[in-house]
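Enquirer: Below is the file final03.cif, which contains mmCIF, N, CA and C atoms.
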```cif
data_model
loop_
_atom_site.label_atom_id
_atom_site.label_comp_id
_atom_site.auth_asym_id
_atom_site.auth_seq_id
_atom_site.Cartn_x
_atom_site.Cartn_y
_atom_site.Cartn_z
N MET A 1 12.71 12.60 -9.05
CA MET A 1 14.01 13.14 -8.67
C MET A 1 14.18 13.11 -7.15
N ARG A 2 13.06 13.15 -6.44
CA ARG A 2 13.14 13.12 -4.98
C ARG A 2 13.89 11.87 -4.51
N ALA A 3 13.59 10.72 -5.07
CA ALA A 3 14.26 9.47 -4.66
C ALA A 3 15.75 9.51 -5.00
N ALA A 4 16.11 10.11 -6.12
CA ALA A 4 17.53 10.23 -6.49
C ALA A 4 18.25 11.17 -5.52
N LEU A 5 17.60 12.26 -5.14
CA LEU A 5 18.19 13.19 -4.18
C LEU A 5 18.36 12.52 -2.80
N ASP A 6 17.39 11.71 -2.41
CA ASP A 6 17.50 10.98 -1.14
C ASP A 6 18.68 10.01 -1.18
N ALA A 7 18.86 9.34 -2.31
CA ALA A 7 19.99 8.41 -2.46
C ALA A 7 21.31 9.18 -2.42
N ALA A 8 21.35 10.36 -3.03
CA ALA A 8 22.55 11.18 -3.01
C ALA A 8 22.89 11.60 -1.58
N ARG A 9 21.87 11.98 -0.82
CA ARG A 9 22.08 12.36 0.58
C ARG A 9 22.66 11.19 1.36
N ALA A 10 22.12 10.00 1.13
CA ALA A 10 22.61 8.80 1.82
C ALA A 10 24.07 8.53 1.45
N ALA A 11 24.43 8.73 0.20
CA ALA A 11 25.83 8.54 -0.22
C ALA A 11 26.75 9.49 0.53
N SER A 12 26.32 10.73 0.65
CA SER A 12 27.11 11.74 1.35
C SER A 12 27.37 11.35 2.79
N GLU A 13 26.36 10.79 3.43
CA GLU A 13 26.49 10.39 4.83
C GLU A 13 27.51 9.28 5.04
N THR A 14 27.82 8.53 3.98
CA THR A 14 28.82 7.47 4.08
C THR A 14 30.17 7.90 3.52
N GLY A 15 30.30 9.19 3.17
CA GLY A 15 31.56 9.70 2.66
C GLY A 15 31.73 9.61 1.16
N GLU A 16 30.70 9.17 0.46
CA GLU A 16 30.74 9.09 -1.00
C GLU A 16 30.28 10.42 -1.60
N VAL A 17 30.75 10.73 -2.79
CA VAL A 17 30.28 11.92 -3.49
C VAL A 17 28.76 11.77 -3.67
N PRO A 18 27.99 12.79 -3.27
CA PRO A 18 26.54 12.67 -3.25
C PRO A 18 25.88 12.71 -4.63
N VAL A 19 25.80 11.54 -5.23
CA VAL A 19 25.09 11.37 -6.49
C VAL A 19 24.14 10.20 -6.31
N GLY A 20 22.90 10.39 -6.74
CA GLY A 20 21.91 9.33 -6.68
C GLY A 20 21.25 9.17 -8.04
N ALA A 21 20.76 7.96 -8.31
CA ALA A 21 20.11 7.67 -9.58
C ALA A 21 18.94 6.73 -9.38
N VAL A 22 17.94 6.90 -10.21
CA VAL A 22 16.73 6.08 -10.14
C VAL A 22 16.32 5.70 -11.56
N VAL A 23 16.01 4.42 -11.77
CA VAL A 23 15.45 3.97 -13.04
C VAL A 23 13.95 3.81 -12.83
N VAL A 24 13.18 4.40 -13.75
CA VAL A 24 11.72 4.40 -13.66
C VAL A 24 11.14 3.77 -14.92
N ARG A 25 10.13 2.93 -14.73
CA ARG A 25 9.41 2.32 -15.86
C ARG A 25 7.93 2.43 -15.57
N ASP A 26 7.19 2.96 -16.51
CA ASP A 26 5.73 3.14 -16.36
C ASP A 26 5.38 3.88 -15.07
N GLY A 27 6.17 4.88 -14.73
CA GLY A 27 5.89 5.69 -13.55
C GLY A 27 6.25 5.06 -12.22
N ARG A 28 6.87 3.89 -12.25
CA ARG A 28 7.25 3.20 -11.02
C ARG A 28 8.77 3.04 -10.94
N ILE A 29 9.29 3.19 -9.74
CA ILE A 29 10.73 3.02 -9.54
C ILE A 29 11.09 1.54 -9.63
N VAL A 30 12.03 1.25 -10.51
CA VAL A 30 12.53 -0.12 -10.70
C VAL A 30 13.79 -0.33 -9.87
N ALA A 31 14.65 0.70 -9.82
CA ALA A 31 15.92 0.59 -9.09
C ALA A 31 16.36 1.97 -8.63
N THR A 32 16.97 2.00 -7.46
CA THR A 32 17.55 3.21 -6.89
C THR A 32 18.96 2.90 -6.43
N ALA A 33 19.89 3.81 -6.70
CA ALA A 33 21.27 3.57 -6.29
C ALA A 33 21.97 4.89 -6.00
N ALA A 34 23.05 4.78 -5.24
CA ALA A 34 23.88 5.92 -4.90
C ALA A 34 25.33 5.60 -5.27
N ASN A 35 26.12 6.63 -5.40
CA ASN A 35 27.55 6.43 -5.64
C ASN A 35 28.13 5.54 -4.54
N ALA A 36 29.02 4.62 -4.91
CA ALA A 36 29.65 3.76 -3.92
C ALA A 36 31.03 3.26 -4.34
N PRO A 37 31.82 4.03 -5.09
CA PRO A 37 33.13 3.51 -5.49
C PRO A 37 34.07 3.23 -4.32
N ARG A 38 34.03 4.05 -3.29
CA ARG A 38 34.93 3.83 -2.14
C ARG A 38 34.46 2.65 -1.31
N LYS A 39 33.19 2.61 -1.06
CA LYS A 39 32.61 1.52 -0.27
C LYS A 39 32.84 0.17 -0.92
N LEU A 40 32.68 0.11 -2.24
CA LEU A 40 32.79 -1.16 -2.96
C LEU A 40 34.18 -1.39 -3.57
N ASN A 41 35.09 -0.41 -3.39
CA ASN A 41 36.41 -0.51 -4.02
C ASN A 41 36.27 -0.80 -5.51
N ASP A 42 35.38 -0.02 -6.15
CA ASP A 42 35.05 -0.23 -7.55
C ASP A 42 34.88 1.12 -8.23
N PRO A 43 35.82 1.51 -9.07
CA PRO A 43 35.73 2.82 -9.72
C PRO A 43 34.53 2.95 -10.66
N THR A 44 33.91 1.84 -11.02
CA THR A 44 32.72 1.90 -11.88
C THR A 44 31.41 1.97 -11.09
N ALA A 45 31.48 2.03 -9.79
CA ALA A 45 30.27 2.00 -8.95
C ALA A 45 29.61 3.37 -8.83
N HIS A 46 29.45 4.04 -9.96
CA HIS A 46 28.71 5.30 -10.00
C HIS A 46 27.22 4.98 -9.84
N ALA A 47 26.47 5.95 -9.36
CA ALA A 47 25.04 5.75 -9.12
C ALA A 47 24.31 5.27 -10.37
N GLU A 48 24.62 5.86 -11.51
CA GLU A 48 23.93 5.48 -12.75
C GLU A 48 24.20 4.03 -13.13
N ILE A 49 25.46 3.64 -13.06
CA ILE A 49 25.84 2.26 -13.42
C ILE A 49 25.13 1.27 -12.48
N ARG A 50 25.16 1.56 -11.20
CA ARG A 50 24.54 0.66 -10.23
C ARG A 50 23.02 0.58 -10.44
N ALA A 51 22.38 1.70 -10.72
CA ALA A 51 20.92 1.70 -10.94
C ALA A 51 20.58 0.94 -12.22
N ILE A 52 21.37 1.13 -13.27
CA ILE A 52 21.13 0.41 -14.53
C ILE A 52 21.32 -1.09 -14.32
N ARG A 53 22.37 -1.48 -13.63
CA ARG A 53 22.61 -2.91 -13.36
C ARG A 53 21.45 -3.51 -12.57
N ASP A 54 21.02 -2.82 -11.53
CA ASP A 54 19.92 -3.33 -10.71
C ASP A 54 18.62 -3.42 -11.51
N ALA A 55 18.34 -2.41 -12.32
CA ALA A 55 17.11 -2.43 -13.13
C ALA A 55 17.14 -3.57 -14.14
N ALA A 56 18.29 -3.80 -14.76
CA ALA A 56 18.42 -4.90 -15.71
C ALA A 56 18.15 -6.24 -15.04
N LYS A 57 18.65 -6.39 -13.81
CA LYS A 57 18.39 -7.63 -13.07
C LYS A 57 16.92 -7.78 -12.73
N VAL A 58 16.31 -6.71 -12.23
CA VAL A 58 14.89 -6.76 -11.85
C VAL A 58 14.02 -7.09 -13.06
N LEU A 59 14.31 -6.46 -14.19
CA LEU A 59 13.49 -6.65 -15.39
C LEU A 59 13.90 -7.88 -16.20
N GLY A 60 15.07 -8.44 -15.89
CA GLY A 60 15.52 -9.64 -16.59
C GLY A 60 15.91 -9.41 -18.03
N ARG A 61 16.48 -8.22 -18.31
CA ARG A 61 16.90 -7.92 -19.68
C ARG A 61 17.97 -6.82 -19.67
N ASP A 62 18.75 -6.80 -20.72
CA ASP A 62 19.83 -5.82 -20.79
C ASP A 62 19.41 -4.51 -21.45
N ARG A 63 18.33 -4.51 -22.17
CA ARG A 63 17.85 -3.30 -22.84
C ARG A 63 16.70 -2.70 -22.04
N LEU A 64 16.88 -1.46 -21.65
CA LEU A 64 15.89 -0.77 -20.82
C LEU A 64 15.18 0.29 -21.66
N ILE A 65 14.70 -0.14 -22.83
CA ILE A 65 14.15 0.78 -23.83
C ILE A 65 12.92 1.54 -23.37
N ASP A 66 12.22 1.02 -22.41
CA ASP A 66 11.00 1.68 -21.93
C ASP A 66 11.22 2.30 -20.54
N CYS A 67 12.47 2.59 -20.21
CA CYS A 67 12.81 3.12 -18.89
C CYS A 67 13.42 4.52 -18.99
N ASP A 68 13.25 5.26 -17.91
CA ASP A 68 13.84 6.58 -17.76
C ASP A 68 14.87 6.52 -16.65
N LEU A 69 15.90 7.34 -16.76
CA LEU A 69 16.91 7.45 -15.71
C LEU A 69 16.89 8.86 -15.16
N TRP A 70 16.74 8.95 -13.85
CA TRP A 70 16.80 10.22 -13.13
C TRP A 70 18.07 10.21 -12.32
N VAL A 71 18.92 11.22 -12.49
CA VAL A 71 20.19 11.27 -11.78
C VAL A 71 20.46 12.71 -11.33
N THR A 72 21.10 12.85 -10.19
CA THR A 72 21.27 14.17 -9.60
C THR A 72 22.39 14.99 -10.24
N LEU A 73 23.28 14.36 -10.99
CA LEU A 73 24.41 15.05 -11.60
C LEU A 73 24.56 14.62 -13.05
N GLU A 74 24.95 15.54 -13.89
CA GLU A 74 25.20 15.24 -15.30
C GLU A 74 26.14 14.03 -15.41
N PRO A 75 25.74 12.99 -16.13
CA PRO A 75 26.56 11.79 -16.24
C PRO A 75 27.93 12.02 -16.88
N CYS A 76 28.90 11.25 -16.41
CA CYS A 76 30.25 11.26 -16.99
C CYS A 76 30.23 10.41 -18.28
N ALA A 77 31.36 10.34 -18.95
CA ALA A 77 31.45 9.58 -20.20
C ALA A 77 31.15 8.09 -19.99
N MET A 78 31.67 7.52 -18.90
CA MET A 78 31.41 6.10 -18.62
C MET A 78 29.92 5.85 -18.46
N CYS A 79 29.27 6.69 -17.69
CA CYS A 79 27.84 6.51 -17.42
C CYS A 79 27.01 6.80 -18.67
N ALA A 80 27.42 7.80 -19.46
CA ALA A 80 26.71 8.08 -20.71
C ALA A 80 26.79 6.87 -21.64
N GLY A 81 27.95 6.22 -21.67
CA GLY A 81 28.08 5.01 -22.47
C GLY A 81 27.15 3.91 -22.00
N ALA A 82 27.04 3.74 -20.69
CA ALA A 82 26.14 2.72 -20.15
C ALA A 82 24.68 3.06 -20.47
N ILE A 83 24.33 4.34 -20.40
CA ILE A 83 22.97 4.78 -20.73
C ILE A 83 22.65 4.44 -22.18
N ALA A 84 23.60 4.70 -23.07
CA ALA A 84 23.39 4.39 -24.48
C ALA A 84 23.28 2.89 -24.70
N HIS A 85 24.17 2.11 -24.09
CA HIS A 85 24.13 0.65 -24.27
C HIS A 85 22.86 0.04 -23.69
N ALA A 86 22.35 0.62 -22.62
CA ALA A 86 21.11 0.11 -22.01
C ALA A 86 19.88 0.56 -22.77
N ARG A 87 20.05 1.50 -23.68
CA ARG A 87 18.94 2.04 -24.49
C ARG A 87 17.89 2.75 -23.64
N ILE A 88 18.37 3.47 -22.61
CA ILE A 88 17.48 4.26 -21.76
C ILE A 88 16.70 5.24 -22.65
N ALA A 89 15.39 5.35 -22.44
CA ALA A 89 14.56 6.21 -23.28
C ALA A 89 14.76 7.70 -23.00
N ARG A 90 14.74 8.06 -21.72
CA ARG A 90 14.86 9.46 -21.33
C ARG A 90 15.82 9.61 -20.16
N LEU A 91 16.63 10.66 -20.22
CA LEU A 91 17.58 10.98 -19.16
C LEU A 91 17.19 12.32 -18.55
N TYR A 92 16.94 12.32 -17.24
CA TYR A 92 16.65 13.54 -16.50
C TYR A 92 17.80 13.72 -15.52
N TYR A 93 18.41 14.90 -15.50
CA TYR A 93 19.46 15.09 -14.51
C TYR A 93 19.39 16.48 -13.90
N GLY A 94 19.95 16.58 -12.69
CA GLY A 94 19.90 17.81 -11.91
C GLY A 94 21.01 18.77 -12.25
N ALA A 95 22.10 18.70 -11.50
CA ALA A 95 23.21 19.65 -11.63
C ALA A 95 24.06 19.33 -12.85
N SER A 96 24.50 20.38 -13.53
CA SER A 96 25.47 20.24 -14.61
C SER A 96 26.85 20.00 -14.00
N ASP A 97 27.73 19.36 -14.78
CA ASP A 97 29.08 19.08 -14.30
C ASP A 97 30.11 19.52 -15.34
N PRO A 98 30.52 20.80 -15.29
CA PRO A 98 31.47 21.30 -16.29
C PRO A 98 32.81 20.56 -16.31
N LYS A 99 33.23 19.99 -15.18
CA LYS A 99 34.52 19.29 -15.12
C LYS A 99 34.43 17.83 -15.60
N GLY A 100 33.41 17.11 -15.17
CA GLY A 100 33.36 15.68 -15.46
C GLY A 100 32.17 15.23 -16.28
N GLY A 101 31.26 16.13 -16.57
CA GLY A 101 30.07 15.76 -17.32
C GLY A 101 30.38 15.46 -18.77
N ALA A 102 29.54 14.62 -19.39
CA ALA A 102 29.77 14.24 -20.78
C ALA A 102 28.51 14.36 -21.63
N VAL A 103 27.49 15.05 -21.09
CA VAL A 103 26.26 15.22 -21.84
C VAL A 103 26.23 16.61 -22.48
N GLU A 104 26.26 17.64 -21.66
CA GLU A 104 26.31 19.01 -22.18
C GLU A 104 27.71 19.61 -22.11
N HIS A 105 28.61 18.90 -21.47
CA HIS A 105 30.01 19.34 -21.34
C HIS A 105 30.93 18.27 -21.89
N GLY A 106 32.23 18.57 -21.89
CA GLY A 106 33.22 17.58 -22.30
C GLY A 106 32.93 16.99 -23.67
N PRO A 107 32.92 15.68 -23.77
CA PRO A 107 32.78 15.04 -25.08
C PRO A 107 31.37 15.10 -25.68
N ARG A 108 30.39 15.56 -24.92
CA ARG A 108 28.99 15.59 -25.42
C ARG A 108 28.68 14.24 -26.09
N PHE A 109 28.76 13.22 -25.28
CA PHE A 109 28.71 11.83 -25.71
C PHE A 109 27.58 11.52 -26.70
N PHE A 110 26.39 11.97 -26.41
CA PHE A 110 25.23 11.60 -27.23
C PHE A 110 25.20 12.31 -28.57
N GLU A 111 26.07 13.30 -28.77
CA GLU A 111 26.15 14.00 -30.05
C GLU A 111 27.17 13.37 -31.00
N GLN A 112 27.91 12.38 -30.53
CA GLN A 112 28.94 11.76 -31.35
C GLN A 112 28.35 10.78 -32.36
N ALA A 113 28.94 10.74 -33.54
CA ALA A 113 28.46 9.83 -34.59
C ALA A 113 28.56 8.37 -34.18
N THR A 114 29.49 8.07 -33.28
CA THR A 114 29.69 6.68 -32.84
C THR A 114 28.68 6.25 -31.76
N CYS A 115 27.85 7.16 -31.30
CA CYS A 115 26.84 6.82 -30.29
C CYS A 115 25.65 6.18 -30.99
N HIS A 116 25.33 4.96 -30.61
CA HIS A 116 24.29 4.19 -31.28
C HIS A 116 22.88 4.46 -30.76
N HIS A 117 22.77 5.05 -29.59
CA HIS A 117 21.45 5.37 -29.03
C HIS A 117 21.54 6.69 -28.28
N ARG A 118 20.57 7.54 -28.52
CA ARG A 118 20.51 8.84 -27.85
C ARG A 118 19.19 8.96 -27.11
N PRO A 119 19.25 9.04 -25.79
CA PRO A 119 18.00 9.24 -25.05
C PRO A 119 17.51 10.68 -25.21
N GLU A 120 16.24 10.90 -24.94
CA GLU A 120 15.77 12.28 -24.80
C GLU A 120 16.43 12.80 -23.53
N ILE A 121 16.83 14.06 -23.52
CA ILE A 121 17.59 14.60 -22.39
C ILE A 121 16.87 15.81 -21.81
N PHE A 122 16.70 15.78 -20.47
CA PHE A 122 16.03 16.86 -19.75
C PHE A 122 16.92 17.30 -18.59
N PRO A 123 17.76 18.33 -18.80
CA PRO A 123 18.67 18.79 -17.74
C PRO A 123 17.99 19.76 -16.77
N GLY A 124 18.62 19.94 -15.62
CA GLY A 124 18.21 20.97 -14.68
C GLY A 124 17.06 20.62 -13.75
N ILE A 125 16.65 19.36 -13.71
CA ILE A 125 15.55 18.94 -12.82
C ILE A 125 16.12 18.81 -11.40
N GLY A 126 15.66 19.63 -10.48
CA GLY A 126 16.18 19.60 -9.12
C GLY A 126 17.60 20.10 -9.02
N GLU A 127 17.99 20.93 -9.96
CA GLU A 127 19.39 21.40 -10.04
C GLU A 127 19.88 22.09 -8.78
N GLY A 128 19.07 22.98 -8.23
CA GLY A 128 19.50 23.73 -7.05
C GLY A 128 19.83 22.84 -5.87
N GLU A 129 18.96 21.90 -5.58
CA GLU A 129 19.18 21.00 -4.45
C GLU A 129 20.35 20.05 -4.70
N ALA A 130 20.44 19.55 -5.92
CA ALA A 130 21.54 18.64 -6.26
C ALA A 130 22.88 19.36 -6.17
N ALA A 131 22.95 20.57 -6.69
CA ALA A 131 24.18 21.35 -6.64
C ALA A 131 24.56 21.69 -5.20
N ALA A 132 23.57 22.01 -4.38
CA ALA A 132 23.84 22.34 -2.97
C ALA A 132 24.42 21.13 -2.23
N LEU A 133 23.90 19.94 -2.49
CA LEU A 133 24.44 18.72 -1.87
C LEU A 133 25.93 18.57 -2.20
N LEU A 134 26.26 18.78 -3.46
CA LEU A 134 27.66 18.65 -3.89
C LEU A 134 28.53 19.74 -3.28
N ARG A 135 28.06 20.98 -3.31
CA ARG A 135 28.85 22.08 -2.73
C ARG A 135 29.10 21.84 -1.24
N ASP A 136 28.07 21.46 -0.51
CA ASP A 136 28.22 21.22 0.92
C ASP A 136 29.18 20.08 1.20
N PHE A 137 29.08 19.01 0.42
CA PHE A 137 29.96 17.85 0.59
C PHE A 137 31.42 18.24 0.41
N PHE A 138 31.72 18.94 -0.69
CA PHE A 138 33.11 19.29 -0.97
C PHE A 138 33.63 20.38 -0.05
N ALA A 139 32.75 21.24 0.44
CA ALA A 139 33.17 22.27 1.41
C ALA A 139 33.68 21.61 2.69
N LEU A 140 33.05 20.53 3.10
CA LEU A 140 33.48 19.81 4.30
C LEU A 140 34.80 19.06 4.07
N LYS A 141 35.08 18.68 2.84
CA LYS A 141 36.31 17.94 2.51
C LYS A 141 37.53 18.86 2.43
N ARG A 142 37.29 20.14 2.21
CA ARG A 142 38.42 21.07 2.02
C ARG A 142 38.86 21.66 3.29
#
```
Please, can you express the file's structure as C-alpha cells?
Expert:
Amino acid sequence: MRAALDAARAASETGEVPVGAVVVRDGRIVATAANAPRKLNDPTAHAEIRAIRDAAKVLGRDRLIDCDLWVTLEPCAMCAGAIAHARIARLYYGASDPKGGAVEHGPRFFEQATCHHRPEIFPGIGEGEAAALLRDFFALKR
C-alpha cells in the first residue's frame, strides 16, 4: 500500500485527485499508476485502470488471475468492472468512498449476479492516510 500511497501523493502534486494503484504478482510490484484524467484528457485514466493496463502489457496477457490490486480509494463502478474483467485475484483498498465507490457502496458491483469474477476484498488497508490525502486535497480546492 505504501507504493499506492506514494503514487496518490504524486497525483495530488500535479492537481489530480490523489488516488494511486499498484498491481502485485508473487509479492513483486508489476505496475504502479496514479489518477491522470486531467493530464491525459481521458476520463478513464483512473489509477486502477492505468495500473491494470500497464500490468497486462508487462505480463503480456489480459487476465491477471495471479495478481493483486492495491488501491488507495474504494474503486468506482468503471474500475470494479475492469478488475472483474482482468480477473484480479485480490483487491486491497484504503479509504471507503460513499459517493463514488462501487464495492461496499453504490451498486456493490461484485455482489451482482451479472459479475463474472469476484476478487477477494480487503478494505481499510491504510485507510487513515488515504483518507487524509483526499481530505487535504479537496480542502485546498474549496
Enquirer: Around all of segment 125-139 of chain A's listed atoms, make the axis-aligned box with 5 Å on each side and tell me centre and edge lengths in Å to one decimal, as JSON.
Expert:
```
{"center_x": 24.6, "center_y": 20.8, "center_z": -5.5, "size_x": 28.1, "size_y": 15.9, "size_z": 26.4}
```
Enquirer: Could you list as a list in words every residue that has an atom within 6 Å of (21.6, 20.4, -14.4), using the file's coordinates and counting only N, CA and C atoms?
Expert: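 Those residues lying close to the given coordinates are Glu74, Tyr93, Gly94, Ala95, Ser96, Pro123, Gly124, Ile125 and Glu127 of chain A.
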Enquirer: Using the chain letters and numbers from the file, which residues does the PyMOL selection byres (((chain A and resi 15 and name CA) around 10) and name CA) grab, as a list in words?
Expert: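 With the PyMOL selection byres (((chain A and resi 15 and name CA) around 10) and name CA) on this model, the match is Ala10, Ala11, Ser12, Glu13, Thr14, Glu16, Val17, Pro18, Asn35, Ala36, Arg38, Lys39, Phe137 and Lys141 of chain A.
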Enquirer: Would you please extract all helix (DSSP H, G or I) residues from chain A, as assigned by DSSP on the backbone, and give them as a ChimeraX atom specification?
Expert: /A:2-13,37-40,47-59,77-86,109-111,127-141
Enquirer: Separation of atom N of Ile88 of chain A and atom CA of Ala131 of chain A, in Å?
Expert: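 If I compute the distance from atom N of Ile88 of chain A to atom CA of Ala131 of chain A, I get 24.7 Å.
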Enquirer: Once the PyMOL selection byres (((chain A and resi 117 and name CA) around 8) and name CA) is applied to the coordinates I shared, what remains selected? I want it as a PyMOL selection string.
Expert: chain A and resi 84-85+87+110+115-116+118-119
Enquirer: Going by the chain IDs and residue numbers used in this file, which residues fall under the PyMOL selection byres (((chain A and resi 19-27 and name CA) around 10) and name CA)? Write them as an MDAnalysis selection string.
Expert: chainID A and resid 1:12 16:18 28:36 46:56 59 64:75 88:95 130 133:134
Enquirer: Which residues are close to Phe109 of chain A, i.e. within 12 Å by only C-alpha atoms, leaving aside same-chain residues fewer than 2 positions away? Reply as a PyMOL selection string.
Expert: chain A and resi 74-84+100-107+111-119+121
Enquirer: Report the distance between atom C of Asp97 of chain A and atom N of Arg135 of chain A in Å, rounded to one decimal place.
Expert: 12.3 Å
Enquirer: Which distance in Å separates atom N of Glu120 of chain A and atom CA of Arg63 of chain A, to one decimal?
Expert: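 Answer for the atom N of Glu120 of chain A to atom CA of Arg63 of chain A separation: 14.4 Å.
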Enquirer: Give me every strand (DSSP E or B) residue in chain A, going by DSSP on the backbone, as a ChimeraX atom specification.
Expert: /A:20-25,28-34,67-73,90-95,120-123
Enquirer: Is it possible to add N, CA, C and O atoms to segment 68-84 of chain A and hand it back as an mmCIF file, in the frame of the given file?
Expert:
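Once everything was written out, this is selection.cif:
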```cif
data_model
loop_
_atom_site.group_PDB
_atom_site.id
_atom_site.type_symbol
_atom_site.label_atom_id
_atom_site.label_comp_id
_atom_site.auth_asym_id
_atom_site.auth_seq_id
_atom_site.Cartn_x
_atom_site.Cartn_y
_atom_site.Cartn_z
ATOM 1 N N ASP A 68 13.250 5.260 -17.910
ATOM 2 C CA ASP A 68 13.840 6.580 -17.760
ATOM 3 C C ASP A 68 14.870 6.520 -16.650
ATOM 4 O O ASP A 68 14.721 5.751 -15.698
ATOM 5 N N LEU A 69 15.900 7.340 -16.760
ATOM 6 C CA LEU A 69 16.910 7.450 -15.710
ATOM 7 C C LEU A 69 16.890 8.860 -15.160
ATOM 8 O O LEU A 69 16.986 9.836 -15.918
ATOM 9 N N TRP A 70 16.740 8.950 -13.850
ATOM 10 C CA TRP A 70 16.800 10.220 -13.130
ATOM 11 C C TRP A 70 18.070 10.210 -12.320
ATOM 12 O O TRP A 70 18.298 9.292 -11.531
ATOM 13 N N VAL A 71 18.920 11.220 -12.490
ATOM 14 C CA VAL A 71 20.190 11.270 -11.780
ATOM 15 C C VAL A 71 20.460 12.710 -11.330
ATOM 16 O O VAL A 71 20.069 13.654 -12.007
ATOM 17 N N THR A 72 21.100 12.850 -10.190
ATOM 18 C CA THR A 72 21.270 14.170 -9.600
ATOM 19 C C THR A 72 22.390 14.990 -10.240
ATOM 20 O O THR A 72 22.440 16.200 -10.055
ATOM 21 N N LEU A 73 23.280 14.360 -10.990
ATOM 22 C CA LEU A 73 24.410 15.050 -11.600
ATOM 23 C C LEU A 73 24.560 14.620 -13.050
ATOM 24 O O LEU A 73 24.341 13.440 -13.382
ATOM 25 N N GLU A 74 24.950 15.540 -13.890
ATOM 26 C CA GLU A 74 25.200 15.240 -15.300
ATOM 27 C C GLU A 74 26.140 14.030 -15.410
ATOM 28 O O GLU A 74 27.217 14.020 -14.812
ATOM 29 N N PRO A 75 25.740 12.990 -16.130
ATOM 30 C CA PRO A 75 26.560 11.790 -16.240
ATOM 31 C C PRO A 75 27.930 12.020 -16.880
ATOM 32 O O PRO A 75 28.080 12.854 -17.785
ATOM 33 N N CYS A 76 28.900 11.250 -16.410
ATOM 34 C CA CYS A 76 30.250 11.260 -16.990
ATOM 35 C C CYS A 76 30.230 10.410 -18.280
ATOM 36 O O CYS A 76 29.214 9.816 -18.633
ATOM 37 N N ALA A 77 31.360 10.340 -18.950
ATOM 38 C CA ALA A 77 31.450 9.580 -20.200
ATOM 39 C C ALA A 77 31.150 8.090 -19.990
ATOM 40 O O ALA A 77 30.452 7.464 -20.791
ATOM 41 N N MET A 78 31.670 7.520 -18.900
ATOM 42 C CA MET A 78 31.410 6.100 -18.620
ATOM 43 C C MET A 78 29.920 5.850 -18.460
ATOM 44 O O MET A 78 29.365 4.905 -19.037
ATOM 45 N N CYS A 79 29.270 6.690 -17.690
ATOM 46 C CA CYS A 79 27.840 6.510 -17.420
ATOM 47 C C CYS A 79 27.010 6.800 -18.670
ATOM 48 O O CYS A 79 26.014 6.121 -18.927
ATOM 49 N N ALA A 80 27.420 7.800 -19.460
ATOM 50 C CA ALA A 80 26.710 8.080 -20.710
ATOM 51 C C ALA A 80 26.790 6.870 -21.640
ATOM 52 O O ALA A 80 25.803 6.507 -22.283
ATOM 53 N N GLY A 81 27.950 6.220 -21.670
ATOM 54 C CA GLY A 81 28.080 5.010 -22.470
ATOM 55 C C GLY A 81 27.150 3.910 -22.000
ATOM 56 O O GLY A 81 26.504 3.233 -22.809
ATOM 57 N N ALA A 82 27.040 3.740 -20.690
ATOM 58 C CA ALA A 82 26.140 2.720 -20.150
ATOM 59 C C ALA A 82 24.680 3.060 -20.470
ATOM 60 O O ALA A 82 23.885 2.174 -20.780
ATOM 61 N N ILE A 83 24.330 4.340 -20.400
ATOM 62 C CA ILE A 83 22.970 4.780 -20.730
ATOM 63 C C ILE A 83 22.650 4.440 -22.180
ATOM 64 O O ILE A 83 21.570 3.929 -22.486
ATOM 65 N N ALA A 84 23.600 4.700 -23.070
ATOM 66 C CA ALA A 84 23.390 4.390 -24.480
ATOM 67 C C ALA A 84 23.280 2.890 -24.700
ATOM 68 O O ALA A 84 22.374 2.421 -25.408
#
```
